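Just below is one structure, and these are the notes that go with it.
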Amino acid sequence: MKKLLVLFIGISSLVQAQKKDISLEDIWRNGTFRADYMNSLNSMNGDFYSLLNNENGSSTVDKYSYETLEKVATIVNSSDLPRLEYFQSYSFNKDETKLILGTNFKQIFRRSYLGTFYVYDIATKSLDLIGEDIQEPTFSPDSKKVAYAKSNNLFIKDFSDNTVIQITSNGKKNEIINGITDWVYEEEFGFVRAFDWSKDGSNLAYLRFDESEVKTFSMDVYGKQKYPMQHVFKYPKAGEANAKVSLHIFSLTTGKTAEIRVGDYEYIPRINWTNDADLLAVRTLNRHQNDLKMYFVNASTFKSNLVLNETDKAYVDITDDLTFLDDNSFIWTSEKDGFNHIYHYDKNGKLRNQVTKGNWEVTSYYGFNTATKTIYYQSVENGSINRGVYSISLDGSNKKLISNATGTNSAAFSENKHYFINTFSDVNTPPVYTLRNGEGQVLKTIKDNAALKETIAGYNLSKKEFSTININGNDLNMYTIKPANFDANKKYPVLMYQYSGPGSQNVKNSWNSANDYWHQLLAQNGYMIVCVDGRGTGYKGRDFKKVTYMNLVKYETEDQIAVAKELAKLPYVDANRIGIWGWSFGGHMSTNCLLKGNDVFAAAIAVAPVTTWRFYDTIYTERYMRTPEENPSGYDDNSPLNYPELLQGKYLLIHGTGDDNVHVQNAYRMAEALIQANKQFEWGMYPDKNHGIYGGNTRLHLYTKMTNFIKNNL
């Protein structure tokens with residue numbers, strides 16, 4: 001028996017030794033761990049969906065059956081279009097007889113771009129140009145017209161007589177924008193197209209942004225030319241003037257535009273036509289963003305009627321969870337009972353019923369099946385680190401889990417909700433795509449990433465262990481990655497990772513991100529990785545998320561410092577070698593933790609950090625902090641610019657000089673504060689790189705720098 005045992009141990013050690021260690025090139029150059037994903041599908045009428053495919057230099061839009069997953073038709077192929085070598089986007093009209101095809105895209109900001117767009121008629125196979133360097137072309141309900149924006153003005157092209165109507169003419173860069181959002185709306189309210197057709201196509205509603213009083217921000221773009229260029233755009237920083245936003249309705253019948261008044265407001269974060277062609281739903285917010293109103297505006301009389309008003313002591317979030325039913329009643333999500341849930345209101349804004357209830361959050365609303373009166377949604381009912389897909393009747397009965405029970409599930413439904421494609425992953429399982437019917441029955445496995453699982457099996461990976469840790473009276477979600485050869489009798493350095501922004505989540509039961517592989521690489525080098533979602537993060541109720549109101553980074557920092565002190569008590573943790581890192585909000589956090597927690601943190605990396613909320617934009621910052629004039633201590637007591645002398649550990653500061661979101665000004669001012677405090681630190685500037693700091697070898701270079709810093713200083 002003893003000989004057999006020795007032989008078994010020897011074989012096990014040999015198998016372990018044959019496994020490979022992760023390299024930075026595996027992660028950032030070779031794509032070794034890249035999962036096989038499904039292309040983003042577009043649900044079509046009936047039980048069909050379409051995909052944009054590219055092969056042999058041409059582009060196709062192909063039609064597939066949900067029932068069989070087989071291709072049933074090629075709708076358009078660029079090789080058949082002499083004027084269009086390839087296209088990069090497509091969208092259908094209502095009856096799916098025509099498409100808008102886009103190409104030659106030029107990025108503006110995170111979500112916005114210019115492009116050349118065409119209308120393709122499926123029956124006649126004809127291709128007609130809409131315009132070049134235009135934005136957001138959108139079919140009218142009768143498909144005879146397309147509205148679009150160009151050079152900050154709005155136009156309608158009528159293909160029945162090939163004429164163009166120019167709706168606005170006052171558009172001017174950095175002054176007036178018609179029908180397209182400004183930078184801060186695009187970034188913080190998450191949309192670009194600020195115009196919408198009425199259901200009968202007789203009216204076009206749009207927003208106008210008057211930016212003339214908004215201060216400009218300029219960035220040097222170094223490029224490869226002899227002299228740098230300047231990128232100048234309007235960016236309202238906390239406490240400064242926003243664009244003045246107004247609502248307008250253009251009548252195609254009269255050719256006239258009316259400006260619509262809807263009470264006092266600072267923001268109009270959404271406009272949506274209801275199923276009544278005369279009624280436009282308009283949402284407004286005050287500057288504090290704690291008083292949300294929804295009006296119904298009559299397009300004939302221009303009168304507005306307040307149908308919904310939600311207030312909060314802190315703030316009200318803006319979502320796209322608004323669905324109008326056939327009787328113009330509507331489905332809406334709100335966290336007014338302390339958790340985000342689904343509600344059903346009648347057409348006058350009177351509450352019919354609260355559809356979902358419980359001490360858990362609805363995380364996505366997928367839609368409504370009118371035939372069965374069934375709502376589909378995603379929630380954290382099976383634990384805040386998991387996501388499940390559910391169905392429930394409109395009256396709140398017959399709730400059913402229609403996805404896997406644990407892990408992270410998301411759904412892409414067919415237009416009529418007969419089928420959906422479920423995407424599942426957990427900490428041990430790469431994405432698995434299954435076709436299911438509306439009841440959740442698995443009909444077919446589409447992709448299972450078996451090849452990736454086989455690749456992963458050849459590497460030395462440590463287990464990601466989930467737990468909770470009680471900090472400042474709260475049980476916080478936590479994960480730990482220990483070295484594969486972990487020995488509890490030894491002491492290990494610890495690197496903590498977090499983001500910590502309002503409503504965010506890093507500790508979740510899902511498949512690896514690129515950072516997870518980097519953390520595994522560090523674990524292979526003898527480091528423990530720990531991540532904890534502290535107060536202010538999401539999916540544990542309103543109060544847990546909004547406790548940080550008026551004091552961003554204060555409680556979040558206290559929680560991370562307290563976690564580090566608890567870790568330092570563990571017998572296998574080297575209390576003198578605890579570090580922390582983060583990106584963006586997380587970079588602010590890691591900087592603050594190193595300074596305010598200088599008795600426990602030995603090193604920190606801050607990538608693209610905010611260093612004072614005074615430099616960040618109005619909508620995001622004031623949502624959580626109000627203005628600097630109203631809350632100066634909230635801004636300054638938690639800004640590392642004001643206490644650089646607290647630095648004792650090792651600090652690496654990284655930023656992209658072309659970051660239009662968190663400006664490099666934050667890093668430069670942090671550097672200057674540390675210099676004047678005579679504090680040594682390391683830093684790296686990435687020329688012309690935006691907030692994501694990527695392109696070419698950039699990520700490989702960045703993570704090499706961070707890896708070397710960790711090895712040398714922790």
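Residues are named by chain letter and number: chains run A, B, ... in the order of the structure tokens, numbers start at 1 in each chain, and ligands are numbered from 1 in the order shown.
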
Residues at most 9 Å from Asp317 (chain A), counting only C-alpha atoms, excluding those fewer than 4 positions away in the same chain, as a ChimeraX atom specification? /A:289-290,292,334-335,623

Any chance you can output those residues with all heavy atoms as a PDB file, in the first residue's frame?
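Okay, again_16.pdb is ready:
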ATOM      1  N   GLN A 289     -31.541  65.211  -9.185  1.00  0.00           N
ATOM      2  CA  GLN A 289     -31.911  63.894  -9.720  1.00  0.00           C
ATOM      3  C   GLN A 289     -32.637  63.025  -8.693  1.00  0.00           C
ATOM      4  O   GLN A 289     -32.534  61.792  -8.721  1.00  0.00           O
ATOM      5  CB  GLN A 289     -30.672  63.159 -10.261  1.00  0.00           C
ATOM      6  CG  GLN A 289     -29.992  63.912 -11.414  1.00  0.00           C
ATOM      7  CD  GLN A 289     -28.735  63.251 -11.902  1.00  0.00           C
ATOM      8  OE1 GLN A 289     -28.781  62.140 -12.431  1.00  0.00           O
ATOM      9  NE2 GLN A 289     -27.602  63.911 -11.740  1.00  0.00           N
ATOM     10  N   ASN A 290     -33.377  63.681  -7.814  1.00  0.00           N
ATOM     11  CA  ASN A 290     -34.163  62.938  -6.831  1.00  0.00           C
ATOM     12  C   ASN A 290     -35.660  63.180  -6.990  1.00  0.00           C
ATOM     13  O   ASN A 290     -36.458  62.782  -6.139  1.00  0.00           O
ATOM     14  CB  ASN A 290     -33.723  63.279  -5.404  1.00  0.00           C
ATOM     15  CG  ASN A 290     -33.863  64.759  -5.075  1.00  0.00           C
ATOM     16  OD1 ASN A 290     -34.402  65.533  -5.863  1.00  0.00           O
ATOM     17  ND2 ASN A 290     -33.371  65.160  -3.917  1.00  0.00           N
ATOM     18  N   LEU A 292     -38.172  62.605 -10.135  1.00  0.00           N
ATOM     19  CA  LEU A 292     -38.440  62.167 -11.512  1.00  0.00           C
ATOM     20  C   LEU A 292     -39.917  62.333 -11.819  1.00  0.00           C
ATOM     21  O   LEU A 292     -40.775  61.885 -11.058  1.00  0.00           O
ATOM     22  CB  LEU A 292     -38.035  60.703 -11.683  1.00  0.00           C
ATOM     23  CG  LEU A 292     -38.461  60.014 -12.988  1.00  0.00           C
ATOM     24  CD1 LEU A 292     -37.712  60.598 -14.173  1.00  0.00           C
ATOM     25  CD2 LEU A 292     -38.246  58.511 -12.913  1.00  0.00           C
ATOM     26  N   SER A 334     -38.946  50.161 -10.459  1.00  0.00           N
ATOM     27  CA  SER A 334     -38.661  51.170  -9.435  1.00  0.00           C
ATOM     28  C   SER A 334     -38.123  50.472  -8.195  1.00  0.00           C
ATOM     29  O   SER A 334     -38.452  49.310  -7.925  1.00  0.00           O
ATOM     30  CB  SER A 334     -39.932  51.932  -9.076  1.00  0.00           C
ATOM     31  OG  SER A 334     -39.752  52.739  -7.929  1.00  0.00           O
ATOM     32  N   GLU A 335     -37.297  51.183  -7.424  1.00  0.00           N
ATOM     33  CA  GLU A 335     -36.822  50.655  -6.147  1.00  0.00           C
ATOM     34  C   GLU A 335     -37.491  51.369  -4.978  1.00  0.00           C
ATOM     35  O   GLU A 335     -36.932  51.481  -3.889  1.00  0.00           O
ATOM     36  CB  GLU A 335     -35.296  50.750  -6.059  1.00  0.00           C
ATOM     37  CG  GLU A 335     -34.706  52.126  -6.241  1.00  0.00           C
ATOM     38  CD  GLU A 335     -33.176  52.110  -6.215  1.00  0.00           C
ATOM     39  OE1 GLU A 335     -32.574  51.040  -6.389  1.00  0.00           O
ATOM     40  OE2 GLU A 335     -32.598  53.195  -6.023  1.00  0.00           O
ATOM     41  N   ARG A 623     -25.428  63.462  -9.015  1.00  0.00           N
ATOM     42  CA  ARG A 623     -26.406  62.432  -8.655  1.00  0.00           C
ATOM     43  C   ARG A 623     -26.082  61.872  -7.272  1.00  0.00           C
ATOM     44  O   ARG A 623     -26.982  61.588  -6.472  1.00  0.00           O
ATOM     45  CB  ARG A 623     -26.377  61.306  -9.690  1.00  0.00           C
ATOM     46  CG  ARG A 623     -27.342  60.149  -9.408  1.00  0.00           C
ATOM     47  CD  ARG A 623     -27.124  59.036 -10.426  1.00  0.00           C
ATOM     48  NE  ARG A 623     -27.293  59.520 -11.776  1.00  0.00           N
ATOM     49  CZ  ARG A 623     -26.677  58.993 -12.834  1.00  0.00           C
ATOM     50  NH1 ARG A 623     -25.821  57.991 -12.680  1.00  0.00           N
ATOM     51  NH2 ARG A 623     -26.893  59.478 -14.045  1.00  0.00           N
TER      52      ARG A 623
END

Quick one: residues within 12 Å of Trp28 (chain A), only C-alpha atoms counted, chain neighbours fewer than 6 positions away excluded, as a ChimeraX atom specification? /A:22,34,513-515,517-518,694-704

Hey, can you spit out that residue selection with all heavy atoms as a short mmCIF file (atom, residue, chain, number, x, y, z; two decimals), in the first residue's frame?
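Writing done, so here's selection-v6.cif:
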data_model
loop_
_atom_site.label_atom_id
_atom_site.label_comp_id
_atom_site.auth_asym_id
_atom_site.auth_seq_id
_atom_site.Cartn_x
_atom_site.Cartn_y
_atom_site.Cartn_z
N ILE A 22 0.24 30.76 -16.84
CA ILE A 22 -0.30 31.82 -17.70
C ILE A 22 0.78 32.87 -17.94
O ILE A 22 1.54 33.22 -17.05
CB ILE A 22 -1.53 32.46 -17.04
CG1 ILE A 22 -2.67 31.46 -16.95
CG2 ILE A 22 -1.99 33.71 -17.79
CD1 ILE A 22 -3.86 31.96 -16.15
N ARG A 34 -9.69 33.41 -24.96
CA ARG A 34 -10.86 34.08 -25.52
C ARG A 34 -12.00 33.08 -25.70
O ARG A 34 -11.84 32.04 -26.34
CB ARG A 34 -10.51 34.72 -26.86
CG ARG A 34 -11.62 35.60 -27.44
CD ARG A 34 -11.16 36.29 -28.72
NE ARG A 34 -10.04 37.19 -28.45
CZ ARG A 34 -8.91 37.17 -29.12
NH1 ARG A 34 -8.71 36.28 -30.08
NH2 ARG A 34 -7.94 38.03 -28.84
N SER A 513 -13.06 37.21 -16.53
CA SER A 513 -12.72 38.36 -17.37
C SER A 513 -11.21 38.33 -17.58
O SER A 513 -10.49 37.52 -16.99
CB SER A 513 -13.13 39.66 -16.69
OG SER A 513 -12.31 39.89 -15.54
N ALA A 514 -10.70 39.25 -18.39
CA ALA A 514 -9.26 39.32 -18.61
C ALA A 514 -8.52 39.58 -17.31
O ALA A 514 -7.42 39.03 -17.08
CB ALA A 514 -8.93 40.40 -19.65
N ASN A 515 -9.09 40.40 -16.43
CA ASN A 515 -8.43 40.67 -15.15
C ASN A 515 -8.32 39.41 -14.30
O ASN A 515 -7.37 39.26 -13.53
CB ASN A 515 -9.19 41.75 -14.38
CG ASN A 515 -8.85 43.15 -14.87
OD1 ASN A 515 -7.78 43.39 -15.41
ND2 ASN A 515 -9.77 44.07 -14.68
N TYR A 517 -7.67 36.44 -15.36
CA TYR A 517 -6.48 35.71 -15.80
C TYR A 517 -5.21 36.38 -15.30
O TYR A 517 -4.23 35.71 -14.95
CB TYR A 517 -6.47 35.59 -17.32
CG TYR A 517 -7.58 34.71 -17.84
CD1 TYR A 517 -8.66 35.25 -18.53
CD2 TYR A 517 -7.57 33.33 -17.62
CE1 TYR A 517 -9.70 34.45 -18.99
CE2 TYR A 517 -8.61 32.52 -18.07
CZ TYR A 517 -9.67 33.08 -18.76
OH TYR A 517 -10.69 32.29 -19.20
N TRP A 518 -5.21 37.72 -15.25
CA TRP A 518 -4.06 38.42 -14.68
C TRP A 518 -3.92 38.10 -13.20
O TRP A 518 -2.81 37.87 -12.71
CB TRP A 518 -4.18 39.93 -14.90
CG TRP A 518 -2.95 40.68 -14.43
CD1 TRP A 518 -1.67 40.49 -14.85
CD2 TRP A 518 -2.91 41.71 -13.44
NE1 TRP A 518 -0.81 41.36 -14.19
CE2 TRP A 518 -1.55 42.12 -13.32
CE3 TRP A 518 -3.86 42.35 -12.67
CZ2 TRP A 518 -1.14 43.13 -12.45
CZ3 TRP A 518 -3.46 43.35 -11.80
CH2 TRP A 518 -2.11 43.74 -11.69
N TYR A 694 -6.19 51.11 -24.51
CA TYR A 694 -5.99 49.90 -25.31
C TYR A 694 -5.60 50.28 -26.73
O TYR A 694 -5.60 51.45 -27.10
CB TYR A 694 -7.26 49.04 -25.33
CG TYR A 694 -8.47 49.73 -25.92
CD1 TYR A 694 -8.74 49.68 -27.28
CD2 TYR A 694 -9.34 50.45 -25.11
CE1 TYR A 694 -9.85 50.33 -27.82
CE2 TYR A 694 -10.45 51.10 -25.63
CZ TYR A 694 -10.69 51.03 -26.99
OH TYR A 694 -11.78 51.67 -27.52
N GLY A 695 -5.29 49.27 -27.53
CA GLY A 695 -4.90 49.47 -28.92
C GLY A 695 -3.48 48.98 -29.16
O GLY A 695 -2.56 49.40 -28.47
N GLY A 696 -3.31 48.05 -30.15
CA GLY A 696 -1.99 47.51 -30.43
C GLY A 696 -1.45 46.75 -29.23
O GLY A 696 -2.13 45.89 -28.65
N ASN A 697 -0.24 47.08 -28.81
CA ASN A 697 0.40 46.43 -27.67
C ASN A 697 0.15 47.15 -26.35
O ASN A 697 0.79 46.84 -25.34
CB ASN A 697 1.92 46.34 -27.89
CG ASN A 697 2.29 45.16 -28.76
OD1 ASN A 697 1.66 44.11 -28.72
ND2 ASN A 697 3.33 45.33 -29.56
N THR A 698 -0.78 48.10 -26.35
CA THR A 698 -0.95 48.96 -25.17
C THR A 698 -1.30 48.16 -23.92
O THR A 698 -0.68 48.35 -22.86
CB THR A 698 -2.04 50.02 -25.43
OG1 THR A 698 -1.68 50.78 -26.58
CG2 THR A 698 -2.19 50.95 -24.24
N ARG A 699 -2.30 47.28 -24.00
CA ARG A 699 -2.69 46.52 -22.82
C ARG A 699 -1.55 45.60 -22.34
O ARG A 699 -1.34 45.43 -21.14
CB ARG A 699 -3.94 45.70 -23.10
CG ARG A 699 -5.25 46.49 -23.03
CD ARG A 699 -5.57 46.86 -21.58
NE ARG A 699 -6.76 47.66 -21.46
CZ ARG A 699 -7.97 47.18 -21.17
NH1 ARG A 699 -8.13 45.89 -21.00
NH2 ARG A 699 -9.00 47.99 -21.05
N LEU A 700 -0.83 45.00 -23.27
CA LEU A 700 0.30 44.16 -22.89
C LEU A 700 1.35 44.98 -22.16
O LEU A 700 1.88 44.56 -21.13
CB LEU A 700 0.91 43.50 -24.14
CG LEU A 700 2.15 42.62 -23.91
CD1 LEU A 700 1.83 41.48 -22.96
CD2 LEU A 700 2.66 42.08 -25.25
N HIS A 701 1.63 46.17 -22.67
CA HIS A 701 2.60 47.04 -22.02
C HIS A 701 2.11 47.47 -20.64
O HIS A 701 2.88 47.44 -19.66
CB HIS A 701 2.85 48.28 -22.90
CG HIS A 701 3.93 49.18 -22.39
ND1 HIS A 701 3.73 50.11 -21.38
CD2 HIS A 701 5.24 49.28 -22.74
CE1 HIS A 701 4.86 50.75 -21.15
NE2 HIS A 701 5.80 50.26 -21.94
N LEU A 702 0.85 47.84 -20.56
CA LEU A 702 0.27 48.30 -19.29
C LEU A 702 0.35 47.20 -18.23
O LEU A 702 0.79 47.45 -17.09
CB LEU A 702 -1.18 48.73 -19.52
CG LEU A 702 -2.04 48.98 -18.28
CD1 LEU A 702 -1.48 50.10 -17.43
CD2 LEU A 702 -3.49 49.30 -18.69
N TYR A 703 -0.09 46.00 -18.56
CA TYR A 703 -0.12 44.93 -17.57
C TYR A 703 1.28 44.40 -17.26
O TYR A 703 1.51 43.86 -16.17
CB TYR A 703 -1.08 43.83 -18.00
CG TYR A 703 -2.51 44.17 -17.65
CD1 TYR A 703 -3.28 45.00 -18.45
CD2 TYR A 703 -3.09 43.69 -16.48
CE1 TYR A 703 -4.57 45.34 -18.12
CE2 TYR A 703 -4.39 44.01 -16.13
CZ TYR A 703 -5.13 44.84 -16.95
OH TYR A 703 -6.42 45.17 -16.60
N THR A 704 2.21 44.54 -18.19
CA THR A 704 3.61 44.23 -17.88
C THR A 704 4.13 45.19 -16.84
O THR A 704 4.80 44.81 -15.86
CB THR A 704 4.47 44.29 -19.15
OG1 THR A 704 3.99 43.35 -20.11
CG2 THR A 704 5.93 43.97 -18.83
#

Residues of region 255-304 of chain A at most 12 Å from region 188-197 of chain A: nearest atom pair and distance in Å, only C-alpha atoms, as a tab-separated table:
residue	atom	partner	partner_atom	distance
A:Tyr267	CA	A:Phe189	CA	9.9
A:Ile268	CA	A:Phe189	CA	9.7
A:Pro269	CA	A:Phe189	CA	6.3
A:Arg270	CA	A:Ala194	CA	8.0
A:Ile271	CA	A:Asp196	CA	7.4
A:Asn272	CA	A:Asp196	CA	6.8
A:Trp273	CA	A:Asp196	CA	7.1
A:Thr274	CA	A:Trp197	CA	10.4
A:Asn275	CA	A:Trp197	CA	11.5
A:Ala277	CA	A:Trp197	CA	9.3
A:Asp278	CA	A:Trp197	CA	11.0
A:Leu279	CA	A:Trp197	CA	11.4
A:Leu280	CA	A:Asp196	CA	9.4
A:Ala281	CA	A:Asp196	CA	10.8
A:Val282	CA	A:Asp196	CA	11.3
A:Arg283	CA	A:Phe189	CA	12.0
A:Leu285	CA	A:Phe189	CA	11.5
A:Gln289	CA	A:Phe189	CA	11.7
A:Ala299	CA	A:Trp197	CA	11.6

Can you pull out the residues contacting Lys444 (chain A)? Cut-off 8 Å, using only C-alpha atoms, and skip same-chain residues under 3 positions away; I want them as JSON, numbers by chain. {"A": [434, 435, 436]}

What is the distance, in Å and to one decimal place, between CA of Lys106 (chain A) and CA of Asp62 (chain A)? 25.3 Å

Nearest to Ile108 (chain A) among A:Phe486, A:Phe466, A:Phe233, A:Phe324, with distances taken over only C-alpha atoms: which residue is it?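 With only C-alpha atoms as the atom set, the closest residue is A:Phe233.
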